[in-house]
Each structure stands twice: as structure tokens, then as C-alpha cells.
>>> print(open('query-v4.cif').read())   # mmCIF, C-alpha atoms
data_work
#
loop_
_atom_site.label_atom_id
_atom_site.label_comp_id
_atom_site.auth_asym_id
_atom_site.auth_seq_id
_atom_site.Cartn_x
_atom_site.Cartn_y
_atom_site.Cartn_z
CA MET A 1 163.85 87.37 105.31
CA ASN A 2 160.79 88.81 107.04
CA GLN A 3 157.72 86.63 106.91
CA PRO A 4 154.47 88.37 105.83
CA ALA A 5 152.13 89.08 108.71
CA ILE A 6 149.37 86.56 109.08
CA ALA A 7 145.97 88.20 108.99
CA GLN A 8 144.02 87.54 112.13
CA PRO A 9 140.56 86.14 111.51
CA LEU A 10 137.66 88.40 112.40
CA LYS A 11 135.61 87.41 115.40
CA THR A 12 132.38 88.48 113.73
CA TRP A 13 131.08 89.84 110.41
CA SER A 14 133.12 92.77 109.13
CA HIS A 15 130.24 95.26 109.19
CA LEU A 16 129.73 94.54 112.91
CA ALA A 17 133.39 94.40 113.96
CA ALA A 18 133.74 98.15 114.60
CA ARG A 19 131.44 97.97 117.62
CA ARG A 20 134.13 95.98 119.50
CA ARG A 21 131.68 93.73 121.29
CA LYS A 22 129.88 90.52 120.59
CA PRO A 23 126.93 91.31 118.30
CA SER A 24 123.44 90.44 119.42
CA GLU A 25 121.18 88.01 117.63
CA TYR A 26 119.24 91.01 116.35
CA GLU A 27 122.32 92.63 114.82
CA ILE A 28 123.51 89.41 113.20
CA VAL A 29 120.26 88.50 111.44
CA SER A 30 118.85 91.99 110.75
CA THR A 31 121.51 94.49 109.67
CA ASN A 32 123.01 95.39 106.29
CA LEU A 33 121.12 92.78 104.30
CA HIS A 34 119.94 94.83 101.28
CA TYR A 35 122.19 94.14 98.31
CA THR A 36 120.07 96.50 96.18
CA THR A 37 121.62 99.48 97.98
CA ASP A 38 125.21 98.51 97.16
CA ARG A 39 125.16 100.11 93.71
CA PRO A 40 122.70 103.03 93.60
CA ASP A 41 123.10 103.32 89.82
CA ALA A 42 122.17 99.64 89.31
CA PRO A 43 120.16 98.41 92.32
CA PHE A 44 119.95 94.80 91.10
CA GLU A 45 123.50 94.69 89.67
CA LEU A 46 121.98 94.19 86.23
CA ASP A 47 120.95 96.57 83.48
CA PRO A 48 120.50 99.90 85.34
CA ASP A 49 117.62 100.81 83.06
CA PHE A 50 115.41 97.74 83.30
CA PRO A 51 112.04 98.55 84.93
CA PRO A 52 112.63 97.30 88.52
CA ALA A 53 115.94 99.19 88.69
CA GLN A 54 114.28 102.37 87.42
CA TRP A 55 111.51 101.95 90.02
CA TYR A 56 113.97 101.69 92.91
CA LYS A 57 116.09 104.57 91.63
CA THR A 58 113.00 106.75 91.31
CA TYR A 59 111.01 105.87 94.43
CA ARG A 60 113.76 104.91 96.88
CA ASN A 61 117.07 106.44 95.85
CA ALA A 62 115.57 109.76 94.73
CA CYS A 63 113.35 110.12 97.82
CA PRO A 64 113.61 113.65 99.27
CA LEU A 65 114.35 112.12 102.69
CA LYS A 66 118.11 111.66 103.04
CA HIS A 67 120.36 110.10 105.65
CA PRO A 68 124.08 109.29 105.50
CA ASP A 69 123.56 105.80 106.93
CA TRP A 70 120.09 104.28 106.81
CA ASN A 71 121.61 101.02 108.00
CA ALA A 72 122.16 102.62 111.39
CA TYR A 73 118.43 102.29 112.12
CA ARG A 74 117.56 99.92 114.94
CA ASP A 75 114.17 98.58 116.04
CA PRO A 76 113.63 99.63 119.69
CA ASP A 77 112.22 96.15 120.39
CA GLU A 78 115.05 94.39 118.48
CA MET A 79 112.48 91.98 117.09
CA VAL A 80 113.65 89.06 114.98
CA TYR A 81 111.58 86.44 113.19
CA ARG A 82 112.06 83.93 116.00
CA THR A 83 110.99 86.27 118.79
CA TYR A 84 108.13 87.71 116.72
CA ASN A 85 106.66 84.24 116.34
CA MET A 86 107.09 83.51 120.03
CA LEU A 87 105.35 86.76 120.96
CA GLN A 88 102.47 86.42 118.53
CA ASP A 89 101.94 82.75 119.22
CA GLY A 90 101.02 83.84 122.72
CA GLN A 91 98.81 86.62 121.35
CA GLU A 92 96.99 84.22 119.04
CA ASN A 93 96.42 81.79 121.90
CA TYR A 94 94.91 84.65 123.87
CA VAL A 95 92.65 85.83 121.02
CA PHE A 96 91.35 82.37 120.16
CA GLY A 97 90.89 81.71 123.84
CA LEU A 98 88.57 84.74 123.84
CA PHE A 99 86.66 83.34 120.87
CA ASP A 100 86.21 79.98 122.55
CA GLN A 101 85.22 81.35 125.95
CA PHE A 102 82.70 83.88 124.66
CA SER A 103 81.24 81.32 122.27
CA GLU A 104 80.73 78.88 125.12
CA ARG A 105 78.92 81.61 127.08
CA GLY A 106 76.53 82.28 124.19
CA HIS A 107 77.86 85.80 123.78
CA ASP A 108 76.24 86.61 120.43
CA ALA A 109 72.79 85.56 121.59
CA MET A 110 73.00 88.23 124.30
CA LEU A 111 73.75 91.11 121.91
CA GLU A 112 71.06 93.72 121.29
CA ARG A 113 69.72 93.73 117.74
CA SER A 114 70.39 97.44 117.42
CA TRP A 115 74.10 96.82 118.15
CA VAL A 116 74.21 93.91 115.71
CA ARG A 117 73.04 96.26 112.96
CA HIS A 118 75.89 98.61 113.86
CA LEU A 119 78.38 95.73 113.68
CA ALA A 120 77.35 95.01 110.09
CA ARG A 121 78.09 98.62 109.19
CA ILE A 122 81.01 99.78 111.32
CA TYR A 123 82.88 96.59 112.28
CA THR A 124 82.93 93.70 109.83
CA PRO A 125 83.80 95.92 106.79
CA VAL A 126 87.05 96.85 108.59
CA ARG A 127 88.73 93.79 107.09
CA TYR A 128 89.02 95.78 103.84
CA LEU A 129 90.82 98.52 105.74
CA PHE A 130 93.12 96.03 107.45
CA HIS A 131 93.98 94.54 104.07
CA THR A 132 95.05 97.93 102.70
CA LEU A 133 97.32 98.37 105.74
CA GLN A 134 98.77 94.94 105.05
CA MET A 135 99.52 95.87 101.43
CA GLY A 136 101.00 99.22 102.45
CA SER A 137 103.37 97.64 104.96
CA ALA A 138 104.42 95.03 102.41
CA TYR A 139 105.31 97.82 99.95
CA LEU A 140 107.35 99.60 102.62
CA CYS A 141 109.18 96.34 103.29
CA GLN A 142 110.13 96.15 99.61
CA MET A 143 111.21 99.78 99.23
CA ALA A 144 112.88 100.68 102.54
CA PRO A 145 116.55 101.70 102.23
CA ALA A 146 117.74 99.44 105.07
CA SER A 147 116.99 95.86 106.06
CA THR A 148 116.25 96.84 109.66
CA ILE A 149 113.44 99.07 108.36
CA SER A 150 112.19 96.33 106.06
CA ASN A 151 112.08 93.91 108.98
CA VAL A 152 109.80 96.03 111.17
CA ALA A 153 107.58 96.67 108.16
CA THR A 154 107.37 92.90 107.62
CA TYR A 155 106.18 92.27 111.18
CA GLN A 156 103.68 95.10 110.78
CA THR A 157 102.42 93.40 107.61
CA ALA A 158 101.91 90.17 109.53
CA ASP A 159 100.07 92.00 112.30
CA SER A 160 97.67 93.53 109.79
CA LEU A 161 96.98 90.07 108.37
CA ARG A 162 96.29 88.77 111.88
CA TRP A 163 93.83 91.61 112.49
CA LEU A 164 92.09 90.78 109.21
CA THR A 165 91.92 87.11 110.13
CA HIS A 166 90.39 87.86 113.53
CA THR A 167 87.75 90.07 111.89
CA ALA A 168 86.95 87.41 109.30
CA TYR A 169 86.52 84.84 112.07
CA ARG A 170 84.11 87.09 113.95
CA THR A 171 82.26 87.87 110.72
CA ARG A 172 81.60 84.18 110.21
CA GLU A 173 80.45 83.75 113.81
CA LEU A 174 78.05 86.69 113.46
CA ALA A 175 76.77 85.30 110.16
CA LYS A 176 75.89 82.02 111.88
CA SER A 177 74.02 83.84 114.65
CA PHE A 178 72.38 86.54 112.50
CA ASP A 179 71.77 85.39 108.94
CA ASP A 180 69.66 88.40 107.99
CA HIS A 181 72.23 91.23 108.41
CA GLY A 182 74.55 90.57 105.47
CA PHE A 183 77.52 89.40 107.53
CA GLY A 184 80.10 87.96 105.13
CA THR A 185 78.21 89.10 102.04
CA GLY A 186 77.46 92.81 102.34
CA GLU A 187 80.76 94.30 103.50
CA ARG A 188 82.20 95.16 100.11
CA ALA A 189 79.24 97.35 99.19
CA ILE A 190 79.42 99.06 102.59
CA TRP A 191 83.18 99.65 102.22
CA GLU A 192 82.71 101.13 98.76
CA THR A 193 79.61 103.28 99.38
CA ASP A 194 78.79 103.83 103.06
CA SER A 195 79.70 107.29 104.32
CA ALA A 196 81.31 105.86 107.46
CA TRP A 197 84.18 104.39 105.41
CA GLN A 198 84.73 106.83 102.57
CA GLY A 199 87.24 108.96 104.44
CA PHE A 200 89.39 105.96 105.24
CA ARG A 201 88.94 104.54 101.76
CA GLU A 202 90.19 107.74 100.13
CA LEU A 203 93.09 107.94 102.57
CA VAL A 204 94.40 104.41 102.21
CA GLU A 205 93.71 103.94 98.51
CA THR A 206 95.55 107.18 97.76
CA GLY A 207 98.31 106.04 100.11
CA LEU A 208 98.68 102.75 98.26
CA ALA A 209 99.12 104.69 95.01
CA THR A 210 101.92 106.80 96.55
CA TYR A 211 105.16 105.14 95.50
CA ASP A 212 107.93 107.26 97.03
CA TRP A 213 108.91 105.19 100.05
CA GLY A 214 109.22 108.20 102.36
CA GLU A 215 105.89 109.76 101.49
CA HIS A 216 104.26 106.33 101.63
CA PHE A 217 105.65 105.91 105.15
CA VAL A 218 104.20 109.29 106.18
CA ALA A 219 100.80 108.59 104.62
CA MET A 220 100.39 105.13 106.13
CA ASN A 221 102.37 105.13 109.38
CA LEU A 222 102.03 108.74 110.50
CA VAL A 223 98.49 109.39 109.26
CA ALA A 224 96.40 106.34 108.29
CA ARG A 225 97.46 103.98 111.07
CA PRO A 226 97.13 106.48 113.94
CA ALA A 227 93.73 107.55 112.59
CA LEU A 228 92.54 103.94 112.48
CA GLU A 229 93.97 103.16 115.90
CA GLU A 230 92.21 106.05 117.60
CA ALA A 231 88.90 106.13 115.69
CA VAL A 232 88.36 102.45 114.93
CA LEU A 233 90.29 100.35 117.43
CA ARG A 234 89.91 102.64 120.44
CA GLY A 235 86.61 104.28 119.49
CA LEU A 236 84.92 101.09 118.34
CA GLY A 237 86.25 99.22 121.38
CA GLN A 238 84.71 101.76 123.72
CA ALA A 239 81.39 101.73 121.86
CA ALA A 240 81.38 97.92 121.99
CA ARG A 241 81.76 97.91 125.77
CA HIS A 242 78.97 100.47 126.11
CA ASN A 243 76.73 98.09 124.17
CA GLY A 244 77.54 94.89 126.03
CA ASP A 245 80.01 93.56 123.45
CA THR A 246 82.94 92.84 125.75
CA LEU A 247 84.46 90.43 123.23
CA LEU A 248 84.93 93.13 120.58
CA GLY A 249 86.35 95.50 123.19
CA LEU A 250 88.98 92.92 124.17
CA LEU A 251 89.82 92.19 120.53
CA CYS A 252 90.43 95.88 119.92
CA ASP A 253 92.63 96.01 123.02
CA ALA A 254 94.72 93.11 121.69
CA GLN A 255 95.21 94.88 118.36
CA LEU A 256 96.21 98.08 120.14
CA LEU A 257 99.09 96.17 121.75
CA ASP A 258 100.47 95.57 118.26
CA ALA A 259 99.80 99.20 117.36
CA ASP A 260 101.89 100.36 120.33
CA ARG A 261 104.87 98.41 118.96
CA HIS A 262 104.29 99.87 115.49
CA ARG A 263 104.41 103.34 116.98
CA ARG A 264 107.66 102.57 118.80
CA TRP A 265 109.52 101.61 115.66
CA THR A 266 107.90 104.42 113.69
CA SER A 267 108.96 106.95 116.34
CA ALA A 268 112.53 105.64 116.28
CA LEU A 269 112.67 105.97 112.49
CA VAL A 270 111.32 109.53 112.57
CA ALA A 271 113.91 110.45 115.21
CA MET A 272 116.63 109.10 112.93
CA MET A 273 115.23 111.01 109.96
CA LEU A 274 115.29 114.26 111.92
CA GLU A 275 119.03 113.86 112.49
CA ALA A 276 119.62 114.94 108.89
CA ASP A 277 119.20 118.54 107.75
CA GLY A 278 116.15 119.22 105.61
CA ASN A 279 114.16 116.13 106.56
CA ARG A 280 111.95 117.91 109.07
CA GLN A 281 110.64 120.24 106.36
CA VAL A 282 110.05 117.34 103.98
CA LEU A 283 108.11 115.41 106.62
CA ASN A 284 106.04 118.43 107.63
CA ASP A 285 105.21 119.23 104.01
CA TRP A 286 103.93 115.70 103.51
CA LEU A 287 101.98 115.83 106.77
CA ALA A 288 100.33 119.06 105.65
CA LYS A 289 99.12 117.12 102.59
CA TRP A 290 98.01 113.92 104.34
CA ALA A 291 96.85 114.92 107.83
CA PRO A 292 93.60 116.55 106.59
CA LEU A 293 92.67 113.23 104.95
CA GLY A 294 93.30 111.48 108.25
CA ASP A 295 91.14 113.95 110.15
CA ALA A 296 88.34 113.60 107.58
CA ALA A 297 88.50 109.80 107.93
CA ILE A 298 88.20 110.10 111.71
CA ASP A 299 85.24 112.48 111.41
CA ALA A 300 83.35 110.29 108.95
CA TYR A 301 83.83 107.08 110.90
CA SER A 302 83.33 108.50 114.39
CA SER A 303 80.06 110.16 113.37
CA ARG A 304 78.60 106.67 112.85
CA LEU A 305 79.73 105.24 116.19
CA PRO A 306 76.95 104.95 118.75
CA ASP A 307 77.69 106.47 122.15
CA ALA A 308 80.82 108.12 120.73
CA ARG A 309 80.05 111.54 122.23
CA ASP A 310 83.12 113.67 121.44
CA GLY A 311 85.01 110.74 119.96
CA ALA A 312 86.15 112.41 116.75
CA ASN A 313 87.70 115.42 118.46
CA ALA A 314 89.37 113.23 121.06
CA ALA A 315 90.80 110.94 118.38
CA LYS A 316 92.10 113.83 116.28
CA ALA A 317 93.66 115.48 119.33
CA THR A 318 95.43 112.24 120.30
CA VAL A 319 96.79 111.74 116.78
CA ALA A 320 98.01 115.35 116.61
CA ALA A 321 99.67 115.02 120.02
CA TYR A 322 101.43 111.86 118.87
CA ARG A 323 102.94 113.62 115.87
CA ARG A 324 103.90 116.65 117.96
CA GLY A 325 105.66 114.29 120.33
CA LEU A 326 107.80 113.19 117.38
CA GLY A 327 108.77 116.80 116.71
CA LEU A 328 106.49 117.15 113.68
CA GLY A 329 103.50 119.27 112.75
CA ALA A 330 102.42 122.66 113.96
#
>>> encode(input="query-v4.cif", output="C-alpha cells")
Amino acid sequence: MNQPAIAQPLKTWSHLAARRRKPSEYEIVSTNLHYTTDRPDAPFELDPDFPPAQWYKTYRNACPLKHPDWNAYRDPDEMVYRTYNMLQDGQENYVFGLFDQFSERGHDAMLERSWVRHLARIYTPVRYLFHTLQMGSAYLCQMAPASTISNVATYQTADSLRWLTHTAYRTRELAKSFDDHGFGTGERAIWETDSAWQGFRELVETGLATYDWGEHFVAMNLVARPALEEAVLRGLGQAARHNGDTLLGLLCDAQLLDADRHRRWTSALVAMMLEADGNRQVLNDWLAKWAPLGDAAIDAYSSRLPDARDGANAAKATVAAYRRGLGLGA
């Protein structure tokens, strides 16, 4: 009598076995983790018509962007929670080292009053903008069709919170040095009414009310973030250096390091999207809707930067070149 064959145990998780090599730490802890994609008709394996299930079926499953295997997406940096914390622990040490060193040198006492007035208008209100980016990335984390996409959105969320925290710290320092400029008390009114911020406010608040995960990704990662990076982080950093505020210039540089990583994972996701027929047109149609809002935000903010010269046109050209490099846009 023939004995039944004994099944050989797998050497790794079944969804990673086909690669015929030992999986990396990144693959083990990052891939194929979304149970809500297992049953498209009932994302939470409960009543398919209860509100959260309807939300996911409408704004994720019915997204015009399609791909046969979203789980094939990989972060170019293969970041995991452990390595993210190692990386950003070093970044935080650097940033707070800047705060300590410049404070010891009496940095704020050396700033020109005219520049301090600009800081109250074009710098410290940016924490509202950073918070909208944080919320947008958190929504993308919730709605993305693959766990590897959710992961990079999570790290981007944390970066936005770090940027906000750095700005809040500097706001408090400026308030202690200049108690007559509204630092820490006047930013909300400036964010809501000052012409410098209304382009960004329209862009990001409309983006936060855009629920389709694909269009939300376009609005925030392909339009709002590049516009902020070029107009605010780069433009403001340059203006700060021109006005003797080396600390702010270095802070903007540190945030641009995070932005470079955000662009790497965004670029990789767009490249994956373009593998599927029809997605290029969908992405370009959304860009045609959102890019003018990004350009208007750059114009409004850059017009208030001192010593900006041709800053708005340079920022818009850089953003357009970035999207062209992805194979999108005109």
C-alpha cells in the first residue's frame, strides 16, 4: 500500500515562496497585509452594505486607476518601522542640535526686525499647512489598495508631524524673543485670511475633501506637496539665508531631505500605475484639474517672499519638470 506523500513545510510565507529566495525584512513585514482587499464585495468580511464597507467600495475599489496586482508595489527605500525610526532619530538629533546651537549663539537677537515681521506672516502659519499634509497622508494610508503603499504613506504622515513640531518649536522661541508680533497667537487668522496662504488653503482643503484614493494621491502627492516643497521649503529657505536667518534655511534643508524620499516612493508608484492601460489618461485628467491650483498657490505665496526675484516661475517650472519626468502632463 502506497503511503501518502508528506507535504514539505514551506521555508517562508506562502505569498513570498514564489520568489525562490530568502525574503528580506522589508518583504516579510510590509507585503500583502490588507485583509480588506480579500473580498472586494465585503471589504471588512461583514455586512457588505454597512457604511465603512460602502466607503471602501466607492473610494478605493471603484477608483478609475486599475492595476492587476497592487501588492506588487515596492518602496524604493524598502523602509520599515524599525529603520524609519533609526533614520529619523538621527534627523531629530540634528534638528534639535541646530536649535540648541543657534539659541546659544543668540540667533534671534541678531535678526532684523523687518525679517521678523515676514516670519510672522510667511513662516509660522505653515504649521497649518503641514497639518493638512499630515491628515492627507493619513487618509492615503487608510485607503491605499496595498499595504506597501499604506506603509510609505504612514512614514510620510510622521514626517509631516515632525515638520509641524519643528515649526511649533520655532514659533515658541520667536514668541519669547518678540512678544509683539503675534507669534503663537496670530497664525490662524493669517492662514485663513492672508493672501499669501489662500492658494495653498484652497488646494489642500479641497484635496482633503477628495475621497477617491487615486485622485487624492494626485492632488496631494503630485500637486500640493511639490508646490509646497518648491515655493515654501526651497523658496523660504533661500529667502531666510538672504536675510541672515541661517537656522531657518537649515531647517528647510532638513525637511527637503524627507521630501526627496517622498518623491522617490511617489515616482515608483506612478511608474507602476503607468504599467496598466488607461491609467495615464486618468492621471493626466486629474492633473489638468489640480495643477492650476498648485500653480496659483505657488504664485500667491512666492509673491510675498522677500528677495524671491523670479521664485514663482522657477518653482512652477521645477514642479512641471518633475511631473514630466514621471511621464505625465503636457
>>> atom_distance(input="query-v4.cif", atom1="atom CA of Pro64 of chain A", atom2="atom CA of Asp49 of chain A")
21.1 Å
>>> closest_atom_pairs(input="query-v4.cif", of="segment 19-76 of chain A", to="segment 267-285 of chain A", cutoff="12 Å", atoms="only C-alpha atoms", output="CSV")
residue,atom,partner,partner_atom,distance
A:Cys63,CA,A:Val282,CA,10.0
A:Pro64,CA,A:Val282,CA,7.0
A:Leu65,CA,A:Asn279,CA,5.6
A:Lys66,CA,A:Ala276,CA,6.9
A:His67,CA,A:Ala276,CA,5.9
A:Pro68,CA,A:Ala276,CA,8.0
A:Asp69,CA,A:Met272,CA,9.7
A:Trp70,CA,A:Met272,CA,8.5
A:Asn71,CA,A:Met272,CA,10.7
A:Ala72,CA,A:Met272,CA,8.7
A:Tyr73,CA,A:Leu269,CA,6.8
A:Arg74,CA,A:Ala268,CA,7.7
A:Asp75,CA,A:Ala268,CA,7.3
A:Pro76,CA,A:Ala268,CA,7.0
>>> write_last_selection(input="query-v4.cif", atoms="C-alpha atoms", output="mmCIF file, keeping the file's coordinate frame")
data_model
loop_
_atom_site.group_PDB
_atom_site.id
_atom_site.type_symbol
_atom_site.label_atom_id
_atom_site.label_comp_id
_atom_site.auth_asym_id
_atom_site.auth_seq_id
_atom_site.Cartn_x
_atom_site.Cartn_y
_atom_site.Cartn_z
ATOM 1 C CA CYS A 63 113.350 110.120 97.820
ATOM 2 C CA PRO A 64 113.610 113.650 99.270
ATOM 3 C CA LEU A 65 114.350 112.120 102.690
ATOM 4 C CA LYS A 66 118.110 111.660 103.040
ATOM 5 C CA HIS A 67 120.360 110.100 105.650
ATOM 6 C CA PRO A 68 124.080 109.290 105.500
ATOM 7 C CA ASP A 69 123.560 105.800 106.930
ATOM 8 C CA TRP A 70 120.090 104.280 106.810
ATOM 9 C CA ASN A 71 121.610 101.020 108.000
ATOM 10 C CA ALA A 72 122.160 102.620 111.390
ATOM 11 C CA TYR A 73 118.430 102.290 112.120
ATOM 12 C CA ARG A 74 117.560 99.920 114.940
ATOM 13 C CA ASP A 75 114.170 98.580 116.040
ATOM 14 C CA PRO A 76 113.630 99.630 119.690
#
>>> residues_around(input="query-v4.cif", residues="Arg162 of chain A", least_positions_apart="3", cutoff="12 Å", atoms="only C-alpha atoms", output="ChimeraX atom specification")
/A:88-89,91-92,95-96,127,130-131,133-134,155-159,165-169,251,254-255,258
>>> resolve_selection(input="query-v4.cif", expression="the PyMOL selection byres ((chain A and resi 231) around 8)", output="PyMOL selection string")
chain A and resi 227-230+232-236+298+301-302+311-312+315
>>> atom_distance(input="query-v4.cif", atom1="atom CA of Gly186 of chain A", atom2="atom CA of Ala120 of chain A")
8.1 Å
>>> resolve_selection(input="query-v4.cif", expression="the PyMOL selection byres ((chain A and resi 291-296) around 7)", output="list in words")
Gly199, Leu203, Val223, Ala224, Ala227, Leu287, Ala288, Lys289, Trp290, Ala297, Ile298, Asp299, Ala300 and Lys316 of chain A
>>> decode(input="query-v4.cif", residues="segment 96-122 of chain A", atoms="C-alpha atoms", output="PDB file, in the first residue's frame")
ATOM      1  CA  PHE A  96      17.409  69.846  17.884  1.00  0.00           C
ATOM      2  CA  GLY A  97      21.155  70.250  17.775  1.00  0.00           C
ATOM      3  CA  LEU A  98      20.527  73.193  15.439  1.00  0.00           C
ATOM      4  CA  PHE A  99      18.001  74.656  17.870  1.00  0.00           C
ATOM      5  CA  ASP A 100      20.419  74.373  20.776  1.00  0.00           C
ATOM      6  CA  GLN A 101      23.435  75.744  18.929  1.00  0.00           C
ATOM      7  CA  PHE A 102      21.666  78.733  17.405  1.00  0.00           C
ATOM      8  CA  SER A 103      19.956  79.509  20.707  1.00  0.00           C
ATOM      9  CA  GLU A 104      23.307  79.531  22.477  1.00  0.00           C
ATOM     10  CA  ARG A 105      24.631  81.971  19.857  1.00  0.00           C
ATOM     11  CA  GLY A 106      21.731  84.368  20.428  1.00  0.00           C
ATOM     12  CA  HIS A 107      20.492  83.863  16.886  1.00  0.00           C
ATOM     13  CA  ASP A 108      17.082  85.526  17.251  1.00  0.00           C
ATOM     14  CA  ALA A 109      18.543  88.683  18.774  1.00  0.00           C
ATOM     15  CA  MET A 110      20.564  89.163  15.579  1.00  0.00           C
ATOM     16  CA  LEU A 111      17.561  89.020  13.227  1.00  0.00           C
ATOM     17  CA  GLU A 112      16.431  92.211  11.514  1.00  0.00           C
ATOM     18  CA  ARG A 113      13.006  93.415  12.618  1.00  0.00           C
ATOM     19  CA  SER A 114      11.824  93.599   9.022  1.00  0.00           C
ATOM     20  CA  TRP A 115      12.592  89.872   8.594  1.00  0.00           C
ATOM     21  CA  VAL A 116      10.874  89.033  11.889  1.00  0.00           C
ATOM     22  CA  ARG A 117       7.693  90.624  10.550  1.00  0.00           C
ATOM     23  CA  HIS A 118       7.960  88.412   7.478  1.00  0.00           C
ATOM     24  CA  LEU A 119       8.381  85.333   9.674  1.00  0.00           C
ATOM     25  CA  ALA A 120       5.074  86.065  11.405  1.00  0.00           C
ATOM     26  CA  ARG A 121       3.358  86.146   8.027  1.00  0.00           C
ATOM     27  CA  ILE A 122       5.095  83.623   5.778  1.00  0.00           C
TER      28      ILE A 122
END
